[in-house]
Each structure stands twice: as structure tokens, then as C-alpha cells.
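**Student:** File run.cif follows (mmCIF, C-alpha atoms (C1' of nucleotides)):
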```cif
data_protein
loop_
_atom_site.label_atom_id
_atom_site.label_comp_id
_atom_site.auth_asym_id
_atom_site.auth_seq_id
_atom_site.Cartn_x
_atom_site.Cartn_y
_atom_site.Cartn_z
CA MET F 1 4.86 17.14 -1.99
CA GLY F 2 6.14 17.91 -5.51
CA GLU F 3 4.17 18.77 -8.58
CA SER F 4 2.98 15.73 -10.50
CA LEU F 5 3.89 14.90 -14.06
CA LEU F 6 0.17 14.63 -14.68
CA GLU F 7 -0.47 18.32 -14.16
CA SER F 8 -1.51 20.00 -17.35
CA THR F 9 0.70 23.05 -16.96
CA ASN F 10 4.28 21.91 -16.56
CA SER F 11 6.92 24.32 -17.71
CA ARG F 12 9.74 21.82 -17.22
CA LEU F 13 8.38 19.29 -19.67
CA ALA F 14 6.88 19.56 -23.11
CA PRO F 15 3.53 17.80 -23.68
CA VAL F 16 5.15 15.09 -25.84
CA GLU F 17 7.57 14.43 -23.04
CA VAL F 18 4.82 14.12 -20.47
CA GLU F 19 2.96 11.69 -22.73
CA ALA F 20 6.00 9.56 -23.47
CA ILE F 21 6.95 9.34 -19.81
CA GLN F 22 3.39 8.39 -18.90
CA LEU F 23 3.47 5.66 -21.51
CA PHE F 24 6.56 4.09 -20.00
CA VAL F 25 5.24 4.48 -16.47
CA GLN F 26 2.08 2.66 -17.48
CA PHE F 27 4.10 -0.06 -19.14
CA SER F 28 6.38 -0.41 -16.12
CA ARG F 29 3.37 -1.08 -13.90
CA ALA F 30 2.52 -4.08 -16.06
CA LEU F 31 6.03 -5.37 -15.43
CA GLY F 32 6.04 -4.45 -11.76
CA GLN F 33 8.94 -2.03 -12.05
CA PRO F 34 9.27 1.18 -10.01
CA ARG F 35 7.82 4.35 -11.46
CA SER F 36 10.99 6.42 -11.18
CA ILE F 37 12.89 4.01 -13.40
CA ALA F 38 10.21 4.22 -16.05
CA GLU F 39 10.23 8.00 -15.84
CA ILE F 40 13.97 8.12 -16.36
CA TYR F 41 13.85 5.79 -19.33
CA GLY F 42 10.87 7.63 -20.82
CA MET F 43 12.59 10.99 -20.43
CA LEU F 44 15.76 9.74 -22.14
CA PHE F 45 13.70 8.04 -24.82
CA VAL F 46 12.02 11.26 -25.99
CA SER F 47 14.96 13.52 -25.49
CA HIS F 48 16.81 14.29 -28.71
CA VAL F 49 19.93 14.98 -26.72
CA PRO F 50 21.64 12.92 -23.97
CA LEU F 51 20.89 14.02 -20.41
CA SER F 52 22.98 14.05 -17.25
CA LEU F 53 21.92 12.86 -13.82
CA ASP F 54 21.33 16.44 -12.78
CA ASP F 55 19.21 17.14 -15.85
CA LEU F 56 17.00 14.22 -14.87
CA VAL F 57 16.82 15.33 -11.25
CA GLU F 58 15.71 18.77 -12.31
CA ARG F 59 13.29 17.86 -15.08
CA LEU F 60 11.64 14.91 -13.34
CA GLN F 61 11.85 16.42 -9.85
CA LEU F 62 13.28 13.35 -8.22
CA SER F 63 16.08 12.92 -5.69
CA ARG F 64 19.71 12.38 -6.69
CA GLY F 65 19.54 9.06 -4.90
CA SER F 66 16.66 7.82 -7.02
CA ALA F 67 18.21 9.10 -10.20
CA SER F 68 21.53 7.46 -9.40
CA GLN F 69 19.94 4.12 -8.52
CA GLY F 70 17.59 4.23 -11.46
CA LEU F 71 20.41 4.94 -13.89
CA LYS F 72 22.47 2.15 -12.36
CA TYR F 73 19.61 -0.31 -12.87
CA LEU F 74 18.98 0.83 -16.44
CA ARG F 75 22.69 0.76 -17.23
CA GLU F 76 23.00 -2.83 -15.98
CA LEU F 77 19.90 -3.80 -17.93
CA GLY F 78 21.45 -2.26 -21.04
CA ALA F 79 18.45 0.03 -21.50
CA VAL F 80 20.57 3.14 -21.24
CA ARG F 81 24.03 3.97 -22.47
CA PRO F 82 26.50 6.55 -21.09
CA VAL F 83 27.71 9.13 -23.56
CA ASN F 84 30.89 11.06 -22.90
CA ARG F 85 30.74 14.66 -23.93
CA PRO F 86 34.05 16.52 -24.19
CA ASP F 87 32.37 19.77 -23.17
CA SER F 88 31.14 18.46 -19.82
CA ARG F 89 32.54 16.53 -16.89
CA ARG F 90 29.16 14.99 -16.24
CA VAL F 91 28.24 11.65 -17.75
CA HIS F 92 25.28 11.97 -20.05
CA TYR F 93 22.89 9.15 -20.92
CA GLU F 94 20.83 8.18 -23.91
CA ALA F 95 18.14 5.51 -24.22
CA VAL F 96 18.96 2.27 -26.01
CA ALA F 97 16.00 1.71 -28.27
CA GLU F 98 16.60 -1.80 -29.55
CA LEU F 99 13.59 -3.69 -28.24
CA ARG F 100 15.19 -7.03 -28.94
CA ASN F 101 18.13 -6.75 -26.51
CA LEU F 102 16.09 -4.93 -23.94
CA ALA F 103 13.20 -7.35 -23.70
CA GLY F 104 15.50 -10.34 -23.91
CA THR F 105 17.80 -9.20 -21.12
CA PHE F 106 14.89 -8.20 -18.93
CA LEU F 107 13.10 -11.50 -19.37
CA HIS F 108 16.23 -13.51 -18.82
CA GLN F 109 17.04 -11.54 -15.69
CA GLN F 110 13.54 -11.96 -14.26
CA VAL F 111 13.40 -15.66 -14.97
CA GLU F 112 16.81 -16.27 -13.44
CA ARG F 113 15.99 -14.24 -10.38
CA HIS F 114 12.64 -15.82 -9.66
CA LEU F 115 12.68 -19.27 -11.14
CA GLY F 116 16.30 -20.28 -10.87
CA ASP F 117 16.02 -23.21 -8.51
CA SER F 118 12.57 -24.55 -9.35
CA ALA F 119 14.03 -27.81 -10.65
CA ALA F 120 15.72 -28.45 -7.30
CA ARG F 121 12.51 -27.68 -5.49
CA LEU F 122 10.58 -30.10 -7.65
CA GLU F 123 13.05 -32.84 -6.93
CA LYS F 124 12.65 -32.19 -3.22
CA MET F 125 8.88 -32.30 -3.64
CA GLY F 126 9.19 -35.68 -5.29
CA ARG F 127 11.19 -37.07 -2.38
CA HIS F 128 8.69 -35.75 0.16
CA SER F 129 5.84 -37.35 -1.78
CA GLN F 130 7.35 -40.75 -1.14
CA ALA F 131 6.57 -40.29 2.54
CA LEU F 132 2.83 -40.22 1.88
CA THR F 133 0.48 -43.16 1.39
CA GLY F 134 -2.66 -44.02 -0.57
CA ALA F 135 -4.56 -41.42 -2.58
CA ALA F 136 -2.57 -38.52 -1.18
CA ARG F 137 0.63 -40.12 -2.39
CA ARG F 138 -0.67 -40.93 -5.83
CA HIS F 139 -1.99 -37.41 -6.23
CA ALA F 140 1.19 -35.75 -4.98
CA LEU F 141 3.35 -37.78 -7.36
CA ALA F 142 1.08 -36.93 -10.27
CA ARG F 143 1.26 -33.25 -9.37
CA VAL F 144 5.04 -33.27 -9.22
CA LYS F 145 5.08 -34.89 -12.64
CA LEU F 146 2.73 -32.23 -13.98
CA LEU F 147 4.85 -29.43 -12.55
CA GLN F 148 7.94 -30.96 -14.06
CA SER F 149 6.31 -30.97 -17.47
CA TRP F 150 5.26 -27.33 -16.99
CA GLU F 151 8.80 -26.45 -16.06
CA LYS F 152 10.15 -28.26 -19.08
CA ASN F 153 7.65 -26.54 -21.37
CA GLY F 154 8.50 -23.20 -19.87
CA ARG F 155 12.20 -23.69 -20.40
CA GLN F 156 11.58 -24.88 -23.94
CA MET F 157 9.33 -21.96 -24.72
CA LEU F 158 11.62 -19.30 -23.31
CA PRO F 159 14.32 -19.24 -26.00
CA TYR F 160 11.58 -19.31 -28.61
CA LEU F 161 9.86 -16.38 -26.97
CA LEU F 162 13.14 -14.49 -26.80
CA LYS F 163 13.70 -15.14 -30.47
CA MET F 164 10.21 -13.87 -31.26
CA LEU F 165 10.90 -10.68 -29.35
CA GLY F 166 14.03 -10.27 -31.41
CA ARG F 167 12.21 -9.94 -34.72
CA LYS F 168 13.02 -6.32 -35.59
CA MET A 1 3.45 -12.54 14.19
CA GLY A 2 2.27 -15.93 12.90
CA GLU A 3 4.28 -19.05 12.28
CA SER A 4 5.84 -19.11 8.84
CA LEU A 5 5.32 -21.76 6.21
CA LEU A 6 9.08 -21.96 6.04
CA GLU A 7 9.42 -23.40 9.51
CA SER A 8 10.71 -26.91 9.38
CA THR A 9 8.31 -28.33 11.93
CA ASN A 10 4.80 -27.65 10.78
CA SER A 11 2.19 -30.08 11.94
CA ARG A 12 -0.53 -28.52 9.80
CA LEU A 13 1.21 -29.17 6.50
CA ALA A 14 3.07 -32.14 5.09
CA PRO A 15 6.54 -31.46 3.64
CA VAL A 16 5.31 -31.95 0.06
CA GLU A 17 2.64 -29.39 0.71
CA VAL A 18 5.11 -26.88 2.09
CA GLU A 19 7.33 -27.38 -0.96
CA ALA A 20 4.51 -27.07 -3.46
CA ILE A 21 3.18 -23.92 -1.83
CA GLN A 22 6.65 -22.41 -1.79
CA LEU A 23 7.01 -23.15 -5.48
CA PHE A 24 3.86 -21.24 -6.32
CA VAL A 25 4.78 -18.40 -4.00
CA GLN A 26 8.12 -18.08 -5.76
CA PHE A 27 6.42 -18.15 -9.13
CA SER A 28 3.87 -15.55 -8.06
CA ARG A 29 6.66 -13.15 -7.15
CA ALA A 30 7.91 -13.32 -10.73
CA LEU A 31 4.43 -12.32 -11.85
CA GLY A 32 3.97 -9.71 -9.16
CA GLN A 33 1.01 -11.43 -7.57
CA PRO A 34 0.29 -11.44 -3.82
CA ARG A 35 1.71 -14.25 -1.75
CA SER A 36 -1.58 -15.31 -0.19
CA ILE A 37 -3.10 -16.02 -3.59
CA ALA A 38 -0.18 -18.22 -4.51
CA GLU A 39 -0.43 -20.03 -1.20
CA ILE A 40 -4.10 -20.77 -1.77
CA TYR A 41 -3.52 -22.03 -5.29
CA GLY A 42 -0.52 -24.08 -4.21
CA MET A 43 -2.47 -25.64 -1.34
CA LEU A 44 -5.34 -26.62 -3.62
CA PHE A 45 -2.92 -27.85 -6.25
CA VAL A 46 -1.29 -30.42 -3.97
CA SER A 47 -4.40 -31.40 -2.10
CA HIS A 48 -5.91 -34.65 -3.34
CA VAL A 49 -9.28 -33.53 -2.07
CA PRO A 50 -11.15 -30.22 -2.55
CA LEU A 51 -10.88 -27.74 0.34
CA SER A 52 -13.29 -25.22 1.79
CA LEU A 53 -12.53 -21.62 2.70
CA ASP A 54 -12.27 -22.62 6.33
CA ASP A 55 -9.89 -25.45 5.53
CA LEU A 56 -7.62 -22.94 3.82
CA VAL A 57 -7.88 -20.45 6.68
CA GLU A 58 -6.88 -23.11 9.15
CA ARG A 59 -4.13 -24.83 7.18
CA LEU A 60 -2.50 -21.69 5.79
CA GLN A 61 -3.15 -19.55 8.86
CA LEU A 62 -4.57 -16.64 6.96
CA SER A 63 -7.57 -14.46 7.63
CA ARG A 64 -11.06 -15.20 6.27
CA GLY A 65 -10.86 -11.91 4.43
CA SER A 66 -7.71 -12.87 2.59
CA ALA A 67 -9.00 -16.33 1.83
CA SER A 68 -12.27 -14.97 0.49
CA GLN A 69 -10.58 -12.37 -1.68
CA GLY A 70 -7.96 -14.79 -2.89
CA LEU A 71 -10.55 -17.38 -3.86
CA LYS A 72 -12.58 -14.72 -5.63
CA TYR A 73 -9.57 -13.68 -7.67
CA LEU A 74 -8.63 -17.25 -8.51
CA ARG A 75 -12.24 -18.11 -9.38
CA GLU A 76 -12.48 -15.17 -11.79
CA LEU A 77 -9.14 -16.12 -13.31
CA GLY A 78 -10.42 -19.64 -13.79
CA ALA A 79 -7.54 -21.06 -11.79
CA VAL A 80 -9.83 -22.63 -9.25
CA ARG A 81 -13.17 -24.32 -9.57
CA PRO A 82 -15.92 -24.67 -6.95
CA VAL A 83 -17.00 -28.22 -6.18
CA ASN A 84 -20.37 -28.88 -4.57
CA ARG A 85 -20.29 -31.65 -2.07
CA PRO A 86 -23.66 -33.05 -0.99
CA ASP A 87 -22.32 -33.85 2.46
CA SER A 88 -21.39 -30.25 3.26
CA ARG A 89 -23.00 -26.85 3.00
CA ARG A 90 -19.63 -25.27 2.40
CA VAL A 91 -18.33 -24.69 -1.10
CA HIS A 92 -15.14 -26.62 -1.69
CA TYR A 93 -12.51 -25.71 -4.26
CA GLU A 94 -10.09 -27.59 -6.44
CA ALA A 95 -7.23 -26.27 -8.56
CA VAL A 96 -7.68 -26.11 -12.31
CA ALA A 97 -4.46 -27.56 -13.64
CA GLU A 98 -4.69 -26.73 -17.34
CA LEU A 99 -1.73 -24.43 -17.85
CA ARG A 100 -3.02 -23.32 -21.22
CA ASN A 101 -6.22 -21.66 -20.15
CA LEU A 102 -4.66 -20.31 -17.03
CA ALA A 103 -1.69 -18.57 -18.59
CA GLY A 104 -3.78 -17.29 -21.47
CA THR A 105 -6.44 -15.73 -19.27
CA PHE A 106 -3.85 -14.22 -16.99
CA LEU A 107 -1.91 -12.68 -19.84
CA HIS A 108 -5.01 -11.33 -21.51
CA GLN A 109 -6.18 -9.81 -18.24
CA GLN A 110 -2.84 -8.17 -17.50
CA VAL A 111 -2.46 -6.74 -20.98
CA GLU A 112 -5.96 -5.30 -20.98
CA ARG A 113 -5.51 -3.80 -17.56
CA HIS A 114 -2.18 -2.15 -18.17
CA LEU A 115 -1.87 -1.49 -21.87
CA GLY A 116 -5.44 -0.87 -22.92
CA ASP A 117 -5.19 2.73 -24.10
CA SER A 118 -1.62 2.88 -25.32
CA ALA A 119 -2.75 3.49 -28.90
CA ALA A 120 -4.69 6.59 -27.84
CA ARG A 121 -1.71 7.85 -25.89
CA LEU A 122 0.57 7.40 -28.89
CA GLU A 123 -1.78 9.36 -31.09
CA LYS A 124 -1.80 12.17 -28.54
CA MET A 125 2.00 12.04 -28.47
CA GLY A 126 2.07 12.43 -32.21
CA ARG A 127 -0.09 15.53 -32.06
CA HIS A 128 2.05 17.10 -29.36
CA SER A 129 5.16 16.44 -31.42
CA GLN A 130 3.82 18.73 -34.13
CA ALA A 131 4.22 21.62 -31.71
CA LEU A 132 8.00 21.21 -31.61
CA THR A 133 10.56 22.47 -34.10
CA GLY A 134 13.93 21.45 -35.49
CA ALA A 135 15.85 18.45 -34.18
CA ALA A 136 13.54 17.99 -31.19
CA ARG A 137 10.59 17.66 -33.53
CA ARG A 138 12.26 15.24 -35.90
CA HIS A 139 13.40 13.12 -32.97
CA ALA A 140 10.01 13.11 -31.26
CA LEU A 141 8.23 12.09 -34.46
CA ALA A 142 10.72 9.28 -35.02
CA ARG A 143 10.22 8.07 -31.46
CA VAL A 144 6.46 8.04 -31.80
CA LYS A 145 6.83 6.01 -34.98
CA LEU A 146 9.11 3.56 -33.20
CA LEU A 147 6.70 3.19 -30.32
CA GLN A 148 3.87 2.61 -32.75
CA SER A 149 5.81 -0.18 -34.39
CA TRP A 150 6.51 -1.70 -30.98
CA GLU A 151 2.85 -1.47 -30.14
CA LYS A 152 1.87 -3.03 -33.46
CA ASN A 153 4.37 -5.85 -32.99
CA GLY A 154 3.07 -6.40 -29.50
CA ARG A 155 -0.51 -6.55 -30.62
CA GLN A 156 0.37 -8.83 -33.51
CA MET A 157 2.31 -11.11 -31.25
CA LEU A 158 -0.31 -11.30 -28.53
CA PRO A 159 -2.94 -13.41 -30.28
CA TYR A 160 -0.20 -15.70 -31.49
CA LEU A 161 1.18 -16.01 -28.01
CA LEU A 162 -2.29 -16.62 -26.62
CA LYS A 163 -2.87 -19.25 -29.26
CA MET A 164 0.36 -20.93 -28.26
CA LEU A 165 -0.87 -20.92 -24.72
CA GLY A 166 -4.17 -22.31 -25.90
CA ARG A 167 -6.63 -19.46 -25.58
CA LYS A 168 -8.96 -18.69 -28.56
"C1'" DT W 1 -40.32 -16.58 12.10
"C1'" DT W 2 -35.70 -16.61 14.50
"C1'" DT W 3 -31.25 -18.68 14.82
"C1'" DT W 4 -27.20 -20.48 12.97
"C1'" DT W 5 -23.90 -21.12 9.55
"C1'" DT W 6 -21.26 -19.47 5.61
"C1'" DG W 7 -19.26 -16.11 3.00
"C1'" DT W 8 -18.16 -11.15 1.63
"C1'" DT W 9 -16.90 -6.29 2.16
"C1'" DC W 10 -14.19 -2.64 3.46
"C1'" DA W 11 -11.97 0.59 6.91
"C1'" DT W 12 -7.93 -0.07 9.55
"C1'" DT W 13 -3.47 -2.12 10.46
"C1'" DT W 14 0.60 -4.28 9.02
"C1'" DT W 15 4.04 -5.26 5.85
"C1'" DT W 16 6.80 -4.40 1.92
"C1'" DA W 17 8.75 -1.46 -1.60
"C1'" DT W 18 10.37 2.93 -3.03
"C1'" DT W 19 12.23 7.42 -2.34
"C1'" DT W 20 14.83 10.68 0.01
"C1'" DG W 21 18.91 13.27 1.45
"C1'" DA W 22 22.91 13.57 4.44
"C1'" DA W 23 27.31 11.41 4.64
"C1'" DT W 24 30.72 9.56 1.88
"C1'" DT W 25 33.73 8.49 -1.92
"C1'" DA W 26 36.01 9.65 -6.34
"C1'" DA W 27 38.21 12.24 -9.25
"C1'" DA W 28 39.19 16.50 -11.86
"C1'" DA W 29 40.70 21.46 -11.33
"C1'" DG W 30 43.19 24.80 -9.26
"C1'" DC H 1 48.01 19.28 -1.71
"C1'" DT H 2 43.46 21.53 -1.31
"C1'" DT H 3 39.18 22.76 -3.25
"C1'" DT H 4 35.39 21.93 -6.04
"C1'" DT H 5 32.26 19.15 -8.57
"C1'" DA H 6 30.06 14.72 -9.63
"C1'" DA H 7 28.19 10.58 -8.26
"C1'" DT H 8 27.02 6.77 -5.00
"C1'" DT H 9 25.52 4.58 -0.75
"C1'" DC H 10 22.52 3.52 2.79
"C1'" DA H 11 19.74 4.46 7.07
"C1'" DA H 12 15.52 6.70 7.72
"C1'" DA H 13 11.12 8.51 5.91
"C1'" DT H 14 7.36 7.90 2.93
"C1'" DA H 15 4.23 5.71 -0.05
"C1'" DA H 16 1.97 1.66 -1.84
"C1'" DA H 17 0.25 -2.96 -1.46
"C1'" DA H 18 -1.65 -6.67 1.09
"C1'" DA H 19 -3.72 -8.76 5.21
"C1'" DT H 20 -6.73 -8.45 8.97
"C1'" DG H 21 -11.05 -8.86 11.35
"C1'" DA H 22 -15.34 -6.75 12.76
"C1'" DA H 23 -19.61 -5.59 10.67
"C1'" DC H 24 -22.65 -6.99 7.32
"C1'" DA H 25 -25.40 -9.97 4.07
"C1'" DA H 26 -27.39 -14.24 2.36
"C1'" DA H 27 -29.29 -18.37 2.81
"C1'" DA H 28 -30.28 -22.78 5.08
"C1'" DA H 29 -31.98 -24.96 9.47
"C1'" DA H 30 -34.71 -24.97 13.38
#
```
Could you render the structure from this file as C-alpha cells?
**Tutor:**
Amino acid sequence: MGESLLESTNSRLAPVEVEAIQLFVQFSRALGQPRSIAEIYGMLFVSHVPLSLDDLVERLQLSRGSASQGLKYLRELGAVRPVNRPDSRRVHYEAVAELRNLAGTFLHQQVERHLGDSAARLEKMGRHSQALTGAARRHALARVKLLQSWEKNGRQMLPYLLKMLGRK
Amino acid sequence: MGESLLESTNSRLAPVEVEAIQLFVQFSRALGQPRSIAEIYGMLFVSHVPLSLDDLVERLQLSRGSASQGLKYLRELGAVRPVNRPDSRRVHYEAVAELRNLAGTFLHQQVERHLGDSAARLEKMGRHSQALTGAARRHALARVKLLQSWEKNGRQMLPYLLKMLGRK
DNA sequence: TTTTTTGTTCATTTTTATTTGAATTAAAAG
DNA sequence: CTTTTAATTCAAATAAAAATGAACAAAAAA
């Protein structure tokens, strides 16, 4: 088992770096994202110079597989940007620090992935409710209506929220 | 391995119920909450009559342990409310359907849990940055400043967001 | 009181998510 | 063309999260 980032004596990483990485790891837990991805972003965020995959592997002590997958994810999210350096064959990366794009893309991605077909499901629910009778039916129909209004509110609020996140 | 809620023939649950539960399960995944908790809330949400722990255990085919823990969580969140019925010793529950309180409490809880001490961490980061020199130092200090502005924006936005969602 | 019913806790098991690293592909250098 | 270096993929290993259920507690009924 490898040395933890938490250890107080870590010759690979400066104290600021450890703190910054920790901060992003903590934040990633709130968003339910894997630790390694947060570590990679945190490392690139504090580094004053772009880093290659191998740099990350060495400094964060993670596998090439993790580093590769993590960078792929962050690249697709737009949280990280490849930098070509004429002096090296390796692709180097730097963190994109514009909160607006980052948060917006992330939110959009999450919502699409998890809530894409909720409208269809609600419609289906409505049809099934018709099969019931009496109080159960009345209640089910009222619930579907309520959910539909929640869904509508959510969809209305989302662009507004995204805009709010975009304020510098 | 137990029968899944997804199965088309399910004599325990009506089709509307299956759909509603699925909707909440899907939603819970977006929020990173356990499936069983979403199932319980979904079940109570569609039910036109309050249900006891044992009702939930039977209809959702989950263990008493899960049901108990799930109800505890939902009770503390304020998503579910105990109903005393004079005809039964068992506590029955009904879903609280006010999105405002629910979302607000949830958000507040998550933020406190995950981001509580970020300010302290940033201060520490600032101190560590002083130990660096040259470009690394300048970059680290700029990053700390940026993070502090993110944190400030976040904290400023939170009460506003909570207010939008209806919590104090 | 003792018994029965209801509900909770928590160590263990099960399930799910993440990480690893060997095999593979890609592409530049020789 | 062959060798070397860089990067990715994916099946297997590992770690983390959630569910289970037996043991326990609390409180009403007998």
C-alpha cells in the first residue's frame, strides 16, 4: 500500500500542493466524483507549469491507467487542457480555471445523464394511474401532477442556476 | 438474489408505484444517495395512505435494518413525517411533498458536511505558499486567491440559493 | 411481573465503484 | 522497416458503500 497524501513528510509534494489537492478531493466527495480525478485536477491547479501523464503518475503515486482515464475525463469535461511543448514528445496538461464553464458543463452533463428521460417516465406514470380507482387513483394523479410541476420548475431553474454560476 | 422492482410482473406493486419509485431512484443517483432510501421515499410518495416500517419491508422486499436506517435518514432530513394512527401501535409514515424545505435542508446538510472547513484549509494553503520562491510562489499565491474568491462566491450564493428553495 | 410486539444497532456479507497493470495500439525516432 | 517511447484499454484486483439479519432495547399488553 502506497504512502498517503496525508502524511506530513512527503518529499514529492510541497505542503501547498498537499493542501490544494486535499481541498479538491474534499470537494469531489461532495459531488460524488472519484478521488483520483480530484487529485489530478488539484495537482494541475497548483502547479505553475504543465505536467505530463508520467509527472502525475510519479508525484501522485497512481497507476498509468488511472492517470490516463482521469485525464480523459477531465479533458472531456473541459477542466484540463493539453499543452504541446516543443521540447517534449509527451503531452502536458494544465488546469482550466474558469469556474463558469467548468461548473456549467459539469451540471449539464450530470443532469442529462441522470434526469434525461424523466418526462417520459412521468407520462407513463400518468397512464398507469388511470388503471386505479377511488382514493388511490385520485392520489396517484395528484402526485403525477406535482412531479410534473417539480420537473418543470427544475428545468426552468437550471439555466438560471447556470447563469448564476457564470458570474465571474 | 431477490426479485427486482424492474420486473414487469410484480404483484406487490402497482405499475404506477413501480414507475414512481424508479423515478426517485433515478433522481437519487444524480444526488449520490443510496437506492433503498429513494425506494422508501418513492413508495411513500405514491401511497395514498401512510405506511409502517413493516409495510415497506414487505412491499419493497428490503431488510428491516435498511428500512429502519432509511426512515431515520428521511425523518432527519424532514422528507418523511411520522403519523400516529390510533388503530395501530406501529408508527406510520407519509412523504413530505414540499420541495422547498426538502431541497433546502438537503443542500444545507451536504454543504456543511463536505465543505465546512474549506476556509481554514485555504488559509493554511496561503501560509504554505509563503515558503515557496519565484514563479512557483507567485502562481501558488494567485491560485489561493482564486480559490478564496470561488469560496466567497459560493458562500454568497448559498443563502440566496437556499432562499430560492425556500429555506430561511 | 413476564411475554409479546415494535423498532434500532452494528458486525458481517454483498454489491458497486475505483484502481491497477499487463497487453495493446499509435506514432515518432533511428 | 525496426526499435523505442507514449498513451490507452480492459479484465482482474482492491477498496468503498450499502444491505442484511441476528442480537439487543424499549415499551405496551397480558
**Student:** Return the Cα root-mean-square deviation, in Å, for chain F superposed on chain A by least squares with the Cα atoms paired in order.
**Tutor:**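 For chain A versus chain F, the C-alpha RMSD is 1.4 Å.
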**Student:** In Å, rounded to a single decimal, give me how far CA of Phe24 in chain A is from CA of Lys145 in chain F.
**Tutor:**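 It comes out at 15.1 Å.
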**Student:** Contacts from chain W to chain F, 10 Å maximum, only C-alpha atoms (C1' of nucleotides): show me the residue list as a list in words.
**Tutor:** DA17, DT18, DT19, DT20, DG21 and DA28 of chain W
**Student:** Dump as a compact mmCIF listing (two decimals) with C-alpha atoms, in the coordinates of the input the residues of chain A that approach chain F to within 9 Å, counting all atoms listed in the file.
**Tutor:**
```
# COMPACT_ATOMS: atom_id res chain seq x y z
CA ALA A 14 3.07 -32.14 5.09
CA PRO A 15 6.54 -31.46 3.64
CA VAL A 16 5.31 -31.95 0.06
CA GLU A 17 2.64 -29.39 0.71
CA VAL A 18 5.11 -26.88 2.09
CA GLU A 19 7.33 -27.38 -0.96
CA ALA A 20 4.51 -27.07 -3.46
CA GLN A 22 6.65 -22.41 -1.79
CA LEU A 23 7.01 -23.15 -5.48
CA GLN A 26 8.12 -18.08 -5.76
CA PHE A 27 6.42 -18.15 -9.13
CA SER A 28 3.87 -15.55 -8.06
CA ARG A 29 6.66 -13.15 -7.15
CA ALA A 30 7.91 -13.32 -10.73
CA LEU A 31 4.43 -12.32 -11.85
CA GLY A 32 3.97 -9.71 -9.16
CA PHE A 45 -2.92 -27.85 -6.25
CA VAL A 46 -1.29 -30.42 -3.97
CA SER A 47 -4.40 -31.40 -2.10
CA HIS A 48 -5.91 -34.65 -3.34
CA VAL A 49 -9.28 -33.53 -2.07
CA ALA A 97 -4.46 -27.56 -13.64
CA LEU A 99 -1.73 -24.43 -17.85
CA GLN A 110 -2.84 -8.17 -17.50
CA VAL A 111 -2.46 -6.74 -20.98
CA ARG A 113 -5.51 -3.80 -17.56
CA HIS A 114 -2.18 -2.15 -18.17
CA LEU A 115 -1.87 -1.49 -21.87
CA SER A 118 -1.62 2.88 -25.32
CA ARG A 121 -1.71 7.85 -25.89
CA LEU A 122 0.57 7.40 -28.89
CA LYS A 124 -1.80 12.17 -28.54
CA MET A 125 2.00 12.04 -28.47
CA GLY A 126 2.07 12.43 -32.21
CA ARG A 127 -0.09 15.53 -32.06
CA HIS A 128 2.05 17.10 -29.36
CA SER A 129 5.16 16.44 -31.42
CA ALA A 131 4.22 21.62 -31.71
CA LEU A 132 8.00 21.21 -31.61
CA ALA A 135 15.85 18.45 -34.18
CA ALA A 136 13.54 17.99 -31.19
CA ARG A 137 10.59 17.66 -33.53
CA ARG A 138 12.26 15.24 -35.90
CA HIS A 139 13.40 13.12 -32.97
CA ALA A 140 10.01 13.11 -31.26
CA ARG A 143 10.22 8.07 -31.46
CA VAL A 144 6.46 8.04 -31.80
CA LEU A 146 9.11 3.56 -33.20
CA TRP A 150 6.51 -1.70 -30.98
CA ASN A 153 4.37 -5.85 -32.99
CA GLY A 154 3.07 -6.40 -29.50
CA MET A 157 2.31 -11.11 -31.25
CA LEU A 161 1.18 -16.01 -28.01
```
**Student:** CA of Ile37 in chain A to CA of Arg75 in chain A: how many Å, to one decimal?
**Tutor:**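 Interatomic distance here is 11.0 Å.
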**Student:** Expand the PyMOL selection byres ((chain W and resi 3) around 9) into the individual residues it matches in the shown file, reporting them as a list in words.
**Tutor:** DT2 and DT4 of chain W; DA29 and DA30 of chain H
**Student:** List the residues selected by the PyMOL selection byres ((chain H) within 12 of (chain A)) in the file shown, writing them as a ChimeraX atom specification.
**Tutor:** /H:17-22,27-29
**Student:** Which residues are near DT8 in chain H? Cut-off 12 Å, all atoms listed in the file, ignore same chain within fewer than 2 positions. Put them as an MDAnalysis selection string.
**Tutor:** (chainID F and resid 53 64:72) or (chainID W and resid 23:26) or (chainID H and resid 6 10)
**Student:** Carefully work through the PyMOL selection byres ((chain H and resi 24) around 12) for this structure and note down the residues it includes, as a list in words.
**Tutor:**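 For this structure, the PyMOL selection byres ((chain H and resi 24) around 12) resolves to DG7, DT8, DT9 and DC10 of chain W; DA22, DA23, DA25 and DA26 of chain H.
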**Student:** Which one of F:Ala79, F:Leu60, F:Leu51, F:Leu107 sits closest to His92 in chain F if you count only C-alpha atoms?
**Tutor:** F:Leu51
**Student:** Start from the incomplete input, build N, CA and C atoms for range 22-34 of chain A, and deliver everything as a short mmCIF file (atom, residue, chain, number, x, y, z; two decimals), in the coordinates of the input.
**Tutor:**
```
data_model
loop_
_atom_site.label_atom_id
_atom_site.label_comp_id
_atom_site.auth_asym_id
_atom_site.auth_seq_id
_atom_site.Cartn_x
_atom_site.Cartn_y
_atom_site.Cartn_z
N GLN A 22 5.49 -23.27 -1.57
CA GLN A 22 6.65 -22.41 -1.79
C GLN A 22 6.93 -22.18 -3.27
N LEU A 23 6.77 -23.25 -4.04
CA LEU A 23 7.01 -23.15 -5.48
C LEU A 23 6.09 -22.13 -6.12
N PHE A 24 4.81 -22.18 -5.74
CA PHE A 24 3.86 -21.24 -6.32
C PHE A 24 4.07 -19.82 -5.80
N VAL A 25 4.49 -19.72 -4.55
CA VAL A 25 4.78 -18.40 -4.00
C VAL A 25 5.93 -17.75 -4.78
N GLN A 26 6.96 -18.55 -5.02
CA GLN A 26 8.12 -18.08 -5.76
C GLN A 26 7.72 -17.63 -7.17
N PHE A 27 6.89 -18.45 -7.78
CA PHE A 27 6.42 -18.15 -9.13
C PHE A 27 5.59 -16.87 -9.13
N SER A 28 4.75 -16.72 -8.12
CA SER A 28 3.87 -15.55 -8.06
C SER A 28 4.69 -14.27 -7.93
N ARG A 29 5.83 -14.35 -7.28
CA ARG A 29 6.66 -13.15 -7.15
C ARG A 29 7.13 -12.70 -8.52
N ALA A 30 7.47 -13.65 -9.37
CA ALA A 30 7.91 -13.32 -10.73
C ALA A 30 6.79 -12.61 -11.49
N LEU A 31 5.56 -12.92 -11.16
CA LEU A 31 4.43 -12.32 -11.85
C LEU A 31 3.85 -11.13 -11.09
N GLY A 32 4.45 -10.84 -9.93
CA GLY A 32 3.97 -9.71 -9.16
C GLY A 32 2.60 -9.92 -8.55
N GLN A 33 2.30 -11.16 -8.22
CA GLN A 33 1.01 -11.43 -7.57
C GLN A 33 1.20 -11.62 -6.07
N PRO A 34 0.16 -11.30 -5.27
CA PRO A 34 0.29 -11.44 -3.82
C PRO A 34 0.54 -12.87 -3.37
#
```
